[in-house]
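Take a look at the structure below.
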Amino acid sequence: GAGNDAVDVDMALHDHRPPGTDAEGWFDDRGMDDMLFRLRQAFTRLIAAIRFAKRDAPSLAPIFVHGYDYPVPDGRGFEFGLIHAGPWLKPALDRHGVPDDMALRGEIAHILIDRLNDDLLAPLAAATPGVVYIDSRGILPRDGTYRDYWSNELHPTNLGFRRIFEQAWLPRLFEHGIALRPSP
């Protein structure tokens, strides 16, 4: 499943808060809970469908779930030839009246990603046999070099994917015998 297609950020945000509202104050707790509940249901169905499709396999193959790193909601979307998608975060923040303050918007994105990981993905993996959670938060820079690592406001560049793969995925793949450690 694709996260940017599944997450309805609009559900998680309040409309037009008073000036000076901090990042936490922009979240609608009920909307966030509803979004996480809907996502939990979708993940549960997806995992069940995978398990059913592989029901005759001799062993339980791991299913890996992961979230995003902390994005920079700068309004850049995905473009590849005639395919255009996104942006995803900036328009939602604009619709809800979040001030055009990148520090505030970055903190809102940070909280959203933490909630997806801490309240959905990690607990889902902990409670579901054979599901492995991969935490890819905090790997890519969000400073002045972020465009080298972020292709758009949610997806890494090749360099960014490589860094996430090497730091977050590869150790977990070693644990499960899917990737082999190089010989010394």
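Chain identifiers are assigned as A, B, and so on, following the order in which chains appear in the structure tokens; residues are numbered from 1 within each chain, and ligands are numbered from 1 in order of appearance.
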Under the rule of at most 10 Å, produce a per-residue listing of region 4-90 of chain A near region 153-160 of chain A: chain, number, name, the closest pair of atoms, and the distance in Å, as JSON lines, using only C-alpha atoms.
{"residue": "A:Asn4", "atom": "CA", "partner": "A:Leu154", "partner_atom": "CA", "distance": 7.7}
{"residue": "A:Tyr68", "atom": "CA", "partner": "A:Leu154", "partner_atom": "CA", "distance": 7.4}
{"residue": "A:Asp69", "atom": "CA", "partner": "A:Leu154", "partner_atom": "CA", "distance": 8.2}
{"residue": "A:Tyr70", "atom": "CA", "partner": "A:Leu154", "partner_atom": "CA", "distance": 8.3}
{"residue": "A:Pro71", "atom": "CA", "partner": "A:Leu154", "partner_atom": "CA", "distance": 5.5}
{"residue": "A:Val72", "atom": "CA", "partner": "A:Glu153", "partner_atom": "CA", "distance": 5.4}
{"residue": "A:Pro73", "atom": "CA", "partner": "A:Glu153", "partner_atom": "CA", "distance": 5.2}
{"residue": "A:Asp74", "atom": "CA", "partner": "A:Glu153", "partner_atom": "CA", "distance": 6.0}
{"residue": "A:Gly75", "atom": "CA", "partner": "A:Glu153", "partner_atom": "CA", "distance": 6.3}
{"residue": "A:Arg76", "atom": "CA", "partner": "A:Glu153", "partner_atom": "CA", "distance": 5.4}
{"residue": "A:Gly77", "atom": "CA", "partner": "A:Glu153", "partner_atom": "CA", "distance": 6.6}
{"residue": "A:Phe78", "atom": "CA", "partner": "A:His155", "partner_atom": "CA", "distance": 8.2}
{"residue": "A:Gly86", "atom": "CA", "partner": "A:Glu153", "partner_atom": "CA", "distance": 8.4}
{"residue": "A:Pro87", "atom": "CA", "partner": "A:Glu153", "partner_atom": "CA", "distance": 6.7}
{"residue": "A:Trp88", "atom": "CA", "partner": "A:Glu153", "partner_atom": "CA", "distance": 7.5}
{"residue": "A:Leu89", "atom": "CA", "partner": "A:Glu153", "partner_atom": "CA", "distance": 7.3}
{"residue": "A:Lys90", "atom": "CA", "partner": "A:Glu153", "partner_atom": "CA", "distance": 8.4}
Q) Hey, what's within 12 Å of region 122-136 of chain A if we count only C-alpha atoms and toss same-chain stuff fewer than 3 positions away? As a PyMOL selection string, please? A) chain A and resi 36-37+39-44+46-48+50-51+59-71+113-119+139-140+156+160-173+175-176
Q: Quick one: pick out all alpha helix (DSSP H) residues within region 66-176 of chain A from a backbone DSSP run and write them as a ChimeraX atom specification.
A: /A:89-95,102-116,122-127,158-164,170-175
Q. Contacts of region 18-23 of chain A at 7 Å or less, counting only C-alpha atoms, minus same-chain residues fewer than 6 places along, as a list in words?
A. Leu104, Glu107 and Ile108 of chain A
(Q) One decimal, in Å: what's the spacing between CA of Gly31 (chain A) and CA of Arg142 (chain A)? (A) 27.1 Å
Q: Could you check which of A:Asp101, A:Gly106, A:Arg30, A:Ser151 is closest to Glu79 (chain A), using only C-alpha atoms?
A: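 So, comparing all the options, the nearest one is A:Ser151.
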Which of chain A counts as strand (DSSP E) under DSSP, as a PDB file with N, CA and C atoms, in the first residue's frame please?
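See states_23.pdb below for the written result:
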ATOM      1  N   ILE A  63       6.521  -9.932   6.546  1.00  0.00           N
ATOM      2  CA  ILE A  63       5.924  -8.804   5.850  1.00  0.00           C
ATOM      3  C   ILE A  63       6.504  -7.559   6.511  1.00  0.00           C
ATOM      4  N   PHE A  64       7.114  -6.711   5.707  1.00  0.00           N
ATOM      5  CA  PHE A  64       7.757  -5.516   6.236  1.00  0.00           C
ATOM      6  C   PHE A  64       6.826  -4.318   6.093  1.00  0.00           C
ATOM      7  N   VAL A  65       6.669  -3.569   7.185  1.00  0.00           N
ATOM      8  CA  VAL A  65       5.910  -2.320   7.152  1.00  0.00           C
ATOM      9  C   VAL A  65       6.846  -1.196   7.584  1.00  0.00           C
ATOM     10  N   HIS A  66       6.658  -0.041   6.985  1.00  0.00           N
ATOM     11  CA  HIS A  66       7.518   1.094   7.296  1.00  0.00           C
ATOM     12  C   HIS A  66       6.755   2.381   7.062  1.00  0.00           C
ATOM     13  N   PHE A  78       5.327  15.062  -7.257  1.00  0.00           N
ATOM     14  CA  PHE A  78       6.034  14.059  -8.052  1.00  0.00           C
ATOM     15  C   PHE A  78       5.755  14.307  -9.524  1.00  0.00           C
ATOM     16  N   GLU A  79       6.794  14.310 -10.325  1.00  0.00           N
ATOM     17  CA  GLU A  79       6.619  14.454 -11.773  1.00  0.00           C
ATOM     18  C   GLU A  79       7.531  13.475 -12.477  1.00  0.00           C
ATOM     19  N   PHE A  80       6.935  12.704 -13.384  1.00  0.00           N
ATOM     20  CA  PHE A  80       7.696  11.768 -14.197  1.00  0.00           C
ATOM     21  C   PHE A  80       7.001  11.708 -15.547  1.00  0.00           C
ATOM     22  N   ILE A  83       3.172  11.912 -15.801  1.00  0.00           N
ATOM     23  CA  ILE A  83       2.603  11.586 -14.494  1.00  0.00           C
ATOM     24  C   ILE A  83       2.910  12.705 -13.507  1.00  0.00           C
ATOM     25  N   HIS A  84       1.865  13.229 -12.910  1.00  0.00           N
ATOM     26  CA  HIS A  84       1.996  14.276 -11.897  1.00  0.00           C
ATOM     27  C   HIS A  84       1.178  13.849 -10.683  1.00  0.00           C
ATOM     28  N   ALA A  85       1.791  13.895  -9.504  1.00  0.00           N
ATOM     29  CA  ALA A  85       1.090  13.562  -8.262  1.00  0.00           C
ATOM     30  C   ALA A  85       1.577  14.498  -7.162  1.00  0.00           C
ATOM     31  N   VAL A 131       5.125  -9.888  11.054  1.00  0.00           N
ATOM     32  CA  VAL A 131       5.158  -8.529  10.529  1.00  0.00           C
ATOM     33  C   VAL A 131       6.329  -7.804  11.188  1.00  0.00           C
ATOM     34  N   VAL A 132       7.168  -7.215  10.362  1.00  0.00           N
ATOM     35  CA  VAL A 132       8.396  -6.566  10.819  1.00  0.00           C
ATOM     36  C   VAL A 132       8.284  -5.071  10.532  1.00  0.00           C
ATOM     37  N   TYR A 133       8.484  -4.279  11.562  1.00  0.00           N
ATOM     38  CA  TYR A 133       8.427  -2.824  11.434  1.00  0.00           C
ATOM     39  C   TYR A 133       9.828  -2.282  11.187  1.00  0.00           C
ATOM     40  N   ILE A 134       9.940  -1.406  10.198  1.00  0.00           N
ATOM     41  CA  ILE A 134      11.205  -0.734   9.894  1.00  0.00           C
ATOM     42  C   ILE A 134      11.011   0.761  10.116  1.00  0.00           C
TER      43      ILE A 134
END
Q.
As an exercise, work out the distance from CA of Ala53 (chain A) to CA of Ile178 (chain A) in Å and give it to one decimal place.
A.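 Straight-line distance from CA of Ala53 (chain A) to CA of Ile178 (chain A) works out to 20.1 Å.
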Q) Distance CA of Arg17 (chain A)-CA of Asp94 (chain A), one decimal place? A)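 Between CA of Arg17 (chain A) and CA of Asp94 (chain A) the gap works out to 12.2 Å.
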